[in-house]
>>> print(open('query04.txt').read())   # compact mmCIF, C-alpha atoms
# COMPACT_ATOMS: atom_id res chain seq x y z
CA MET A 115 -24.03 -17.53 24.95
CA ILE A 116 -23.68 -17.42 21.21
CA LYS A 117 -25.59 -14.59 19.64
CA GLN A 118 -27.90 -15.75 16.89
CA PHE A 119 -27.78 -14.09 13.53
CA HIS A 120 -30.45 -14.92 11.00
CA HIS A 121 -27.70 -15.57 8.50
CA LEU A 122 -24.22 -14.26 8.20
CA ARG A 123 -24.83 -12.37 5.03
CA THR A 124 -27.17 -10.13 6.93
CA SER A 125 -27.73 -7.48 4.32
CA LYS A 126 -30.54 -8.32 1.99
CA ASN A 127 -29.17 -5.75 -0.38
CA THR A 128 -27.73 -7.12 -3.51
CA ARG A 129 -24.07 -6.40 -3.99
CA GLY A 130 -23.31 -7.04 -7.61
CA SER A 131 -26.34 -8.91 -8.77
CA ILE A 132 -29.86 -7.64 -9.05
CA ASN A 133 -33.44 -8.66 -9.41
CA CYS A 134 -33.52 -8.60 -13.18
CA ASP A 135 -36.05 -9.68 -15.73
CA ASN A 136 -35.56 -13.23 -16.94
CA SER A 137 -34.77 -11.86 -20.35
CA SER A 138 -32.07 -9.50 -19.13
CA PHE A 139 -28.39 -10.30 -19.04
CA HIS A 140 -26.71 -8.98 -15.94
CA LEU A 141 -23.22 -7.67 -16.43
CA LEU A 142 -21.89 -8.69 -13.01
CA GLN A 143 -23.17 -12.25 -13.31
CA ALA A 144 -19.65 -13.71 -13.67
CA ASN A 145 -18.44 -11.95 -10.50
CA ASP A 146 -21.46 -13.12 -8.53
CA PHE A 147 -20.91 -16.72 -9.65
CA VAL A 148 -17.34 -16.71 -8.30
CA ALA A 149 -18.43 -14.84 -5.13
CA GLU A 150 -20.93 -17.59 -4.37
CA ALA A 151 -18.21 -20.22 -4.83
CA ILE A 152 -15.96 -18.34 -2.37
CA HIS A 153 -18.81 -18.07 0.12
CA LYS A 154 -19.50 -21.82 -0.08
CA LYS A 155 -15.82 -22.70 0.31
CA MET A 156 -15.35 -20.42 3.32
CA SER A 157 -18.58 -21.62 4.91
CA ALA A 158 -17.45 -25.24 4.55
CA GLU A 159 -14.21 -24.34 6.32
CA LYS A 160 -16.07 -22.21 8.90
CA ILE A 161 -13.95 -19.15 8.20
CA LEU A 162 -15.55 -15.77 8.81
CA VAL A 163 -14.91 -13.45 5.85
CA VAL A 164 -14.97 -9.69 6.44
CA ASN A 165 -14.60 -7.23 3.57
CA LEU A 166 -13.15 -3.89 4.77
CA THR A 167 -13.92 -0.94 2.52
CA SER A 168 -13.21 2.78 2.80
CA SER A 169 -11.64 5.69 0.99
CA PRO A 170 -7.82 5.76 0.92
CA GLY A 171 -6.22 6.64 4.24
CA SER A 172 -9.18 5.88 6.51
CA GLY A 173 -7.13 3.50 8.60
CA LYS A 174 -7.94 0.01 7.32
CA THR A 175 -4.37 -1.25 7.69
CA SER A 176 -3.92 0.36 11.11
CA LEU A 177 -7.17 -1.23 12.26
CA LEU A 178 -6.00 -4.64 11.06
CA GLN A 179 -2.66 -4.19 12.81
CA ALA A 180 -4.44 -3.38 16.07
CA THR A 181 -6.97 -6.20 15.54
CA GLY A 182 -4.19 -8.70 14.84
CA THR A 183 -2.36 -7.70 18.00
CA LEU A 184 -5.46 -7.89 20.21
CA LEU A 185 -6.80 -11.16 18.83
CA LYS A 186 -3.54 -13.03 18.22
CA ASP A 187 -4.02 -15.34 21.21
CA LYS A 188 -7.69 -16.00 20.45
CA PHE A 189 -8.07 -16.38 16.70
CA HIS A 190 -5.98 -17.22 13.69
CA ILE A 191 -6.31 -14.28 11.31
CA LYS A 192 -5.33 -13.95 7.67
CA VAL A 193 -5.54 -10.84 5.53
CA LEU A 194 -5.80 -10.30 1.79
CA VAL A 195 -4.76 -6.74 0.98
CA GLY A 196 -5.77 -5.02 -2.23
CA ASP A 197 -3.85 -2.09 -3.64
CA LEU A 198 -3.18 -0.76 -7.10
CA GLU A 199 0.58 -1.07 -6.65
CA THR A 200 3.23 -1.97 -4.02
CA GLU A 201 3.22 -4.49 -1.18
CA ARG A 202 3.50 -1.82 1.51
CA ASP A 203 0.31 -2.71 3.38
CA ALA A 204 1.07 -6.43 3.44
CA ASP A 205 4.58 -5.62 4.68
CA ARG A 206 3.15 -3.43 7.45
CA LEU A 207 0.79 -6.19 8.53
CA LYS A 208 3.49 -8.85 8.48
CA GLU A 209 5.69 -6.61 10.64
CA SER A 210 2.81 -6.60 13.16
CA GLY A 211 2.71 -10.39 13.08
CA VAL A 212 -0.40 -10.65 10.90
CA ASP A 213 -0.32 -13.20 8.10
CA ALA A 214 -1.05 -11.14 4.98
CA LEU A 215 -1.00 -11.63 1.22
CA GLN A 216 -0.95 -8.63 -1.10
CA ILE A 217 -3.11 -8.48 -4.21
CA THR A 218 -1.79 -5.79 -6.56
CA THR A 219 -4.49 -4.92 -9.04
CA SER A 220 -2.22 -3.07 -11.51
CA GLY A 221 -4.49 -0.07 -11.72
CA VAL A 222 -7.88 -1.69 -11.13
CA CYS A 223 -9.74 0.40 -8.55
CA HIS A 224 -11.52 -2.45 -6.76
CA LEU A 225 -11.15 -6.13 -5.94
CA GLU A 226 -13.22 -8.66 -7.86
CA ALA A 227 -14.25 -12.12 -6.73
CA GLN A 228 -11.92 -13.78 -9.24
CA MET A 229 -8.91 -12.07 -7.61
CA ILE A 230 -9.97 -13.39 -4.20
CA TRP A 231 -10.53 -16.89 -5.55
CA GLN A 232 -7.05 -16.98 -7.09
CA ALA A 233 -5.49 -15.63 -3.87
CA ILE A 234 -7.19 -18.11 -1.52
CA GLU A 235 -6.06 -20.96 -3.73
CA LYS A 236 -2.50 -19.94 -2.86
CA MET A 237 -3.15 -19.62 0.88
CA ASP A 238 -3.00 -22.28 3.55
CA LEU A 239 -6.30 -21.56 5.27
CA LYS A 240 -6.16 -24.54 7.65
CA GLY A 241 -7.07 -23.36 11.14
CA THR A 242 -7.99 -19.85 10.01
CA ASP A 243 -10.83 -18.22 11.94
CA ILE A 244 -11.13 -14.87 10.19
CA LEU A 245 -10.17 -13.87 6.67
CA PHE A 246 -10.10 -10.11 6.28
CA ILE A 247 -10.18 -8.64 2.81
CA GLU A 248 -8.76 -5.12 2.84
CA ASN A 249 -10.30 -3.70 -0.30
CA VAL A 250 -8.76 -1.01 -2.49
CA GLY A 251 -9.38 2.44 -0.99
CA ASN A 252 -12.44 3.62 -2.90
CA LEU A 253 -16.03 4.22 -1.78
CA VAL A 254 -17.53 3.83 -5.26
CA CYS A 255 -16.57 0.76 -7.29
CA PRO A 256 -15.99 -1.82 -4.52
CA SER A 257 -19.63 -1.37 -3.51
CA SER A 258 -20.79 -3.25 -6.62
CA PHE A 259 -18.55 -6.29 -6.25
CA ASP A 260 -19.57 -9.12 -3.98
CA LEU A 261 -16.41 -10.91 -2.81
CA GLY A 262 -18.23 -13.76 -1.09
CA GLU A 263 -17.87 -12.09 2.29
CA ASP A 264 -20.08 -12.66 5.31
CA PHE A 265 -19.94 -9.02 6.31
CA ARG A 266 -19.01 -5.77 4.69
CA VAL A 267 -17.52 -3.24 7.08
CA THR A 268 -16.98 0.33 5.90
CA LEU A 269 -14.56 2.68 7.63
CA ILE A 270 -14.90 6.43 7.65
CA ALA A 271 -12.27 8.56 9.36
CA SER A 272 -13.20 11.58 11.42
CA THR A 273 -10.88 13.62 9.18
CA GLU A 274 -12.96 12.81 6.08
CA GLY A 275 -16.08 14.69 7.13
CA ASP A 276 -19.46 13.49 8.36
CA ASP A 277 -21.23 14.00 5.03
CA LYS A 278 -19.93 10.92 3.22
CA PRO A 279 -22.75 8.34 3.56
CA LYS A 280 -25.24 10.10 1.30
CA LYS A 281 -22.47 10.99 -1.14
CA TYR A 282 -21.62 7.32 -1.51
CA PRO A 283 -24.97 5.68 -0.69
CA LYS A 284 -24.43 2.28 -2.26
CA MET A 285 -21.40 1.54 -0.11
CA PHE A 286 -23.28 2.35 3.08
CA LEU A 287 -26.41 0.59 1.83
CA THR A 288 -24.47 -2.65 1.46
CA SER A 289 -22.48 -2.45 4.72
CA GLU A 290 -23.52 -4.22 7.91
CA LEU A 291 -21.17 -2.18 10.07
CA VAL A 292 -19.69 1.31 9.84
CA LEU A 293 -16.54 2.02 11.81
CA VAL A 294 -15.79 5.67 12.48
CA THR A 295 -12.00 5.72 12.81
CA LYS A 296 -9.46 8.23 14.15
CA THR A 297 -11.90 9.37 16.84
CA ASP A 298 -8.94 10.56 18.93
CA LEU A 299 -8.93 13.48 16.46
CA LEU A 300 -12.61 14.37 16.99
CA PRO A 301 -11.82 17.39 19.24
CA TYR A 302 -9.80 18.93 16.40
CA VAL A 303 -12.01 18.38 13.33
CA PRO A 304 -15.52 19.58 12.37
CA PHE A 305 -17.01 16.08 12.42
CA LYS A 306 -20.36 15.53 14.14
CA LEU A 307 -20.93 11.88 14.96
CA GLU A 308 -24.70 12.46 15.18
CA HIS A 309 -24.76 13.85 11.61
CA LEU A 310 -23.03 10.74 10.32
CA GLU A 311 -25.34 8.48 12.32
CA GLN A 312 -28.41 10.18 10.86
CA ASP A 313 -27.09 9.83 7.31
CA VAL A 314 -26.19 6.17 7.81
CA LYS A 315 -29.56 5.35 9.39
CA ASP A 316 -31.45 7.11 6.58
CA ILE A 317 -29.75 4.82 4.11
CA ASN A 318 -29.78 1.63 6.14
CA ALA A 319 -31.52 1.60 9.51
CA GLU A 320 -30.00 -1.81 10.32
CA THR A 321 -26.38 -0.74 9.97
CA GLU A 322 -24.43 -0.73 13.20
CA ILE A 323 -21.92 2.03 13.98
CA ILE A 324 -18.85 1.84 16.21
CA ALA A 325 -16.67 4.91 16.77
CA LEU A 326 -13.11 3.89 17.60
CA SER A 327 -9.45 4.75 17.33
CA SER A 328 -6.80 2.22 16.38
CA LEU A 329 -4.09 4.55 17.64
CA SER A 330 -5.47 5.32 21.11
CA GLY A 331 -7.46 2.11 21.50
CA ILE A 332 -10.82 3.83 22.09
CA ASN A 333 -13.64 1.28 21.68
CA LEU A 334 -11.43 -1.37 20.13
CA GLU A 335 -12.94 -3.82 22.62
CA VAL A 336 -16.39 -3.16 21.09
CA TRP A 337 -15.02 -4.03 17.65
CA MET A 338 -13.33 -7.16 19.10
CA HIS A 339 -16.64 -8.21 20.66
CA TRP A 340 -18.46 -7.66 17.34
CA LEU A 341 -15.95 -9.95 15.62
CA GLU A 342 -15.90 -12.59 18.36
CA GLU A 343 -19.69 -12.98 18.28
CA ARG A 344 -19.66 -13.60 14.56
CA VAL A 345 -16.67 -15.97 14.61
CA LEU A 346 -18.42 -18.10 17.23
CA PHE A 347 -21.65 -18.07 15.29
CA LYS A 348 -19.85 -19.14 12.13
CA LYS A 349 -18.05 -21.96 13.95
CA ASN A 350 -21.34 -23.27 15.31
CA GLN A 351 -23.34 -23.08 12.12
CA MET B 72 -15.90 5.38 -14.50
CA HIS B 73 -16.18 1.87 -15.92
CA GLU B 74 -18.48 2.81 -18.78
CA LEU B 75 -15.96 1.95 -21.52
CA SER B 76 -15.15 -1.50 -20.16
CA ILE B 77 -18.85 -2.15 -19.60
CA ILE B 78 -19.72 -1.25 -23.18
CA HIS B 79 -16.91 -3.53 -24.38
CA GLN B 80 -18.41 -6.37 -22.37
CA VAL B 81 -21.86 -5.63 -23.74
CA GLY B 82 -20.54 -5.56 -27.30
CA ALA B 83 -18.64 -8.81 -26.80
CA TYR B 84 -21.77 -10.44 -25.40
CA ILE B 85 -23.93 -9.33 -28.32
CA ILE B 86 -21.32 -10.49 -30.86
CA SER B 87 -20.92 -13.85 -29.14
CA THR B 88 -24.64 -14.56 -29.09
CA HIS B 89 -25.54 -13.52 -32.64
CA SER B 90 -24.41 -14.57 -36.09
CA GLU B 91 -23.05 -11.94 -38.46
CA ALA B 92 -26.34 -12.01 -40.40
CA GLU B 93 -28.30 -11.46 -37.18
CA LEU B 94 -26.01 -8.60 -36.14
CA GLN B 95 -26.86 -6.85 -39.44
CA GLN B 96 -30.53 -7.00 -38.45
CA ILE B 97 -30.15 -5.41 -35.02
CA GLU B 98 -31.61 -1.93 -34.87
CA ALA B 99 -30.92 -1.11 -31.22
CA PHE B 100 -30.25 -2.56 -27.82
CA GLU B 101 -31.61 -1.22 -24.60
CA MET B 102 -29.81 -1.16 -21.28
CA HIS B 103 -31.43 -0.68 -17.91
CA LEU B 104 -29.26 1.33 -15.54
CA GLY B 105 -30.33 1.42 -11.93
CA GLN B 106 -29.76 4.57 -9.93
CA LEU B 107 -27.50 2.51 -7.66
CA SER B 108 -25.46 0.96 -10.46
CA ASN B 109 -22.90 3.79 -10.46
CA ILE B 110 -23.18 3.99 -14.26
CA HIS B 111 -23.99 7.31 -15.90
CA PRO B 112 -26.15 7.11 -19.07
CA ASP B 113 -24.39 10.01 -20.86
CA LEU B 114 -20.95 8.58 -20.17
CA LEU B 115 -22.15 5.20 -21.39
CA GLN B 116 -23.33 6.81 -24.65
CA ASN B 117 -19.92 8.49 -25.06
CA ALA B 118 -18.17 5.20 -24.41
CA TYR B 119 -20.41 3.57 -27.01
CA LEU B 120 -19.33 6.16 -29.61
CA ALA B 121 -15.71 5.22 -28.92
CA TYR B 122 -16.60 1.53 -29.12
CA GLN B 123 -18.31 2.03 -32.49
CA GLU B 124 -15.06 3.52 -33.86
CA THR B 125 -13.31 0.21 -33.41
CA HIS B 126 -16.31 -2.06 -33.99
CA PRO B 127 -18.01 -0.81 -37.20
CA ILE B 128 -20.59 -3.60 -37.06
CA PHE B 129 -22.26 -1.47 -34.36
CA ASN B 130 -22.26 1.74 -36.43
CA LYS B 131 -25.94 1.43 -37.30
CA ILE B 132 -26.99 -0.01 -33.97
CA LEU B 133 -28.49 2.41 -31.49
CA LEU B 134 -27.85 2.23 -27.75
CA LYS B 135 -30.93 3.08 -25.71
CA THR B 136 -30.65 3.57 -21.97
CA THR B 137 -33.33 3.70 -19.32
CA LEU B 138 -32.44 5.04 -15.89
CA ILE B 139 -34.30 3.12 -13.20
CA PRO B 140 -35.07 5.02 -9.97
CA THR B 141 -34.58 3.25 -6.66
CA GLU B 142 -37.71 1.65 -5.22
CA ILE B 143 -38.16 -0.17 -1.93
CA TYR B 144 -40.85 -2.57 -0.77
CA CYS B 145 -42.21 -2.14 2.73
CA ASN B 146 -42.70 -5.40 4.62
CA GLN B 147 -45.00 -3.64 7.11
CA CYS B 148 -47.60 -2.02 4.87
CA HIS B 149 -46.75 -3.89 1.65
CA GLN B 150 -46.39 -0.74 -0.42
CA THR B 151 -43.67 0.05 -2.93
CA THR B 152 -42.19 3.53 -2.77
CA GLN B 153 -39.55 5.46 -4.64
CA VAL B 154 -36.50 6.46 -2.62
CA GLU B 155 -35.84 10.18 -2.49
CA HIS B 156 -32.72 11.85 -1.09
CA TYR B 157 -31.34 8.41 -0.27
CA LYS B 158 -33.74 7.99 2.63
CA PHE B 159 -34.65 4.33 2.58
CA GLN B 160 -37.94 4.63 4.40
CA CYS B 161 -41.51 3.77 3.40
CA LYS B 162 -43.39 6.92 2.41
CA PHE B 163 -46.64 5.56 3.79
CA CYS B 164 -45.84 4.11 7.21
CA LEU B 165 -42.29 5.55 7.61
CA THR B 166 -40.78 2.13 8.35
CA PRO B 167 -37.13 1.83 7.25
CA SER B 168 -36.65 -0.68 4.47
CA GLN B 169 -33.65 -2.01 2.60
CA ASN B 170 -35.79 -4.30 0.50
CA ILE B 171 -34.75 -2.84 -2.83
CA VAL B 172 -36.94 -3.91 -5.71
CA LYS B 173 -35.55 -1.53 -8.33
CA GLY B 174 -32.41 0.56 -8.69
CA ASN B 175 -29.56 -1.95 -8.88
CA GLU B 176 -30.10 -2.82 -12.55
CA LEU B 177 -27.15 -3.08 -14.89
CA THR B 178 -28.63 -5.17 -17.64
CA ILE B 179 -28.96 -5.65 -21.34
CA HIS B 180 -32.70 -5.47 -21.18
CA LYS B 181 -33.69 -5.80 -24.81
CA ILE B 182 -32.20 -6.32 -28.28
CA ILE B 183 -34.42 -4.81 -30.95
CA PHE B 184 -34.35 -6.21 -34.48
CA LYS B 185 -35.36 -4.38 -37.65
CA ASP B 186 -38.91 -4.90 -38.74
CA LEU B 187 -38.49 -7.09 -41.78
CA LEU B 188 -42.10 -6.85 -42.92
>>> encode(input="query04.txt", output="structure tokens")
Amino acid sequence: MIKQFHHLRTSKNTRGSINCDNSSFHLLQANDFVAEAIHKKMSAEKILVVNLTSSPGSGKTSLLQATGTLLKDKFHIKVLVGDLETERDADRLKESGVDALQITTSGVCHLEAQMIWQAIEKMDLKGTDILFIENVGNLVCPSSFDLGEDFRVTLIASTEGDDKPKKYPKMFLTSELVLVTKTDLLPYVPFKLEHLEQDVKDINAETEIIALSSLSGINLEVWMHWLEERVLFKKNQ
Amino acid sequence: MHELSIIHQVGAYIISTHSEAELQQIEAFEMHLGQLSNIHPDLLQNAYLAYQETHPIFNKILLKTTLIPTEIYCNQCHQTTQVEHYKFQCKFCLTPSQNIVKGNELTIHKIIFKDLL
């Protein structure tokens, strides 16, 4: 059975744009215009777009490597990777057999919709089921930029501490799913999952949370199931 | 951290939408900064000072900022409440709500011209 979602962009929270007075000029209007174009294009091609955000080193690339390996026989996955410099993450993903394209921002601390638009114009998306956007590691600025994604997924590693959601509320406010990563390290770090859950639920009661480990494989099947449900829904829209 | 680039964009917008004669008549412009916009009013003022150095047409134009607190609308009891301590929950019926009605603003809200009378 295909799970029904009211709409893929489940969060009613605005990303870049806002409810402004008619007389006001919104400074992220240009980004939102391009984001909407991306969303329309991806919807027409029935490609699920997932924007992965986190602070640096939370395990976005490792998660995508594991995801690519587990889903390679089921779905065709492509990844856009954002970093300030180097192609290291794209190289890592390609070594794992995941089709990845690096976006180097040359110092810009977040991805903007225009960067995604230019990148997807260069990609052959025929047959693609999921397009992951691995955002620049940063819990502040990427929260304001809609990239035309269906879902925003924020990672927080057990080594970062359980107090992050209320320190970076906008990111968690605009995320549909929070992945707690590196849970194989939970016995060794002062990270209380229940503290994080409380913080996340205070900010956004609808946000789902999955605690997993890309290294040990804990709960990766739950993450796979989460993705599969949404890919099927998107295909049948 | 993007205050300087934001003020550059604001300046460019004001210049592009007004003639030189109109720019001379602007007394101030007001920006609305939502609590969730990640923009700090003091840093924006500092960035504006730097911008004025290179854009003297703005030397006599004041930047006013209004910080907008986050407010949510409750779909259950139809009340609007201000969010405190980042707990997005209706103060009246305690229902969680992400229906944000204020707090995301990042707008040029008003351009104020000199009173010519």
>>> closest_atom_pairs(input="query04.txt", of="chain B", to="chain A", cutoff="8 Å", atoms="all atoms listed in the file", output="tab-separated table")
residue	atom	partner	partner_atom	distance
B:Ile77	CA	A:Leu141	CA	7.7
B:Gln80	CA	A:Leu141	CA	7.8
B:Val81	CA	A:Leu141	CA	7.7
B:Leu107	CA	A:Lys284	CA	6.2
B:Ser108	CA	A:Ser258	CA	7.4
B:Asn109	CA	A:Val254	CA	7.5
B:Tyr157	CA	A:Ile317	CA	5.9
B:Lys158	CA	A:Asp316	CA	4.6
B:Phe159	CA	A:Ile317	CA	5.2
B:Gln160	CA	A:Asp316	CA	7.3
B:Pro167	CA	A:Ala319	CA	6.1
B:Ser168	CA	A:Asn318	CA	7.4
B:Gln169	CA	A:Asn318	CA	6.4
B:Asn170	CA	A:Lys126	CA	6.8
B:Ile171	CA	A:Asn127	CA	6.8
B:Val172	CA	A:Asn133	CA	7.0
B:Lys173	CA	A:Asn133	CA	7.5
B:Asn175	CA	A:Ile132	CA	5.7
B:Glu176	CA	A:Ile132	CA	6.0
B:Leu177	CA	A:His140	CA	6.0
B:Thr178	CA	A:His140	CA	4.6
B:Ile179	CA	A:Phe139	CA	5.2
B:His180	CA	A:Ser138	CA	4.6
B:Lys181	CA	A:Ser138	CA	7.0
>>> residues_near_point(input="query04.txt", point="(2.6, -3.1, 5.7)", cutoff="10 Å", atoms="all atoms listed in the file", output="count of residues only")
18
>>> closest_residue(input="query04.txt", among="A:Ile230, A:Ala151, A:Met237, A:Ile161", to="Lys349 of chain A", atoms="only C-alpha atoms")
A:Ile161
>>> atom_distance(input="query04.txt", atom1="atom CA of Glu290 of chain A", atom2="atom CA of His111 of chain B")
26.5 Å
>>> residues_around(input="query04.txt", residues="segment 154-156 of chain A", least_positions_apart="5", cutoff="10 Å", atoms="all atoms listed in the file", output="NGL selection string")
:A and (148-149 or 161-163 or 231 or 234 or 239 or 242-245 or 262-264 or 348)
>>> atom_distance(input="query04.txt", atom1="atom CA of Leu326 of chain A", atom2="atom CA of Tyr302 of chain A")
15.4 Å
>>> closest_residue(input="query04.txt", among="B:Ile143, B:Leu114, B:Leu94, B:Val154", to="Ile128 of chain B", atoms="only C-alpha atoms")
B:Leu94
>>> atom_distance(input="query04.txt", atom1="atom CA of Ala233 of chain A", atom2="atom CA of Ile191 of chain A")
15.3 Å
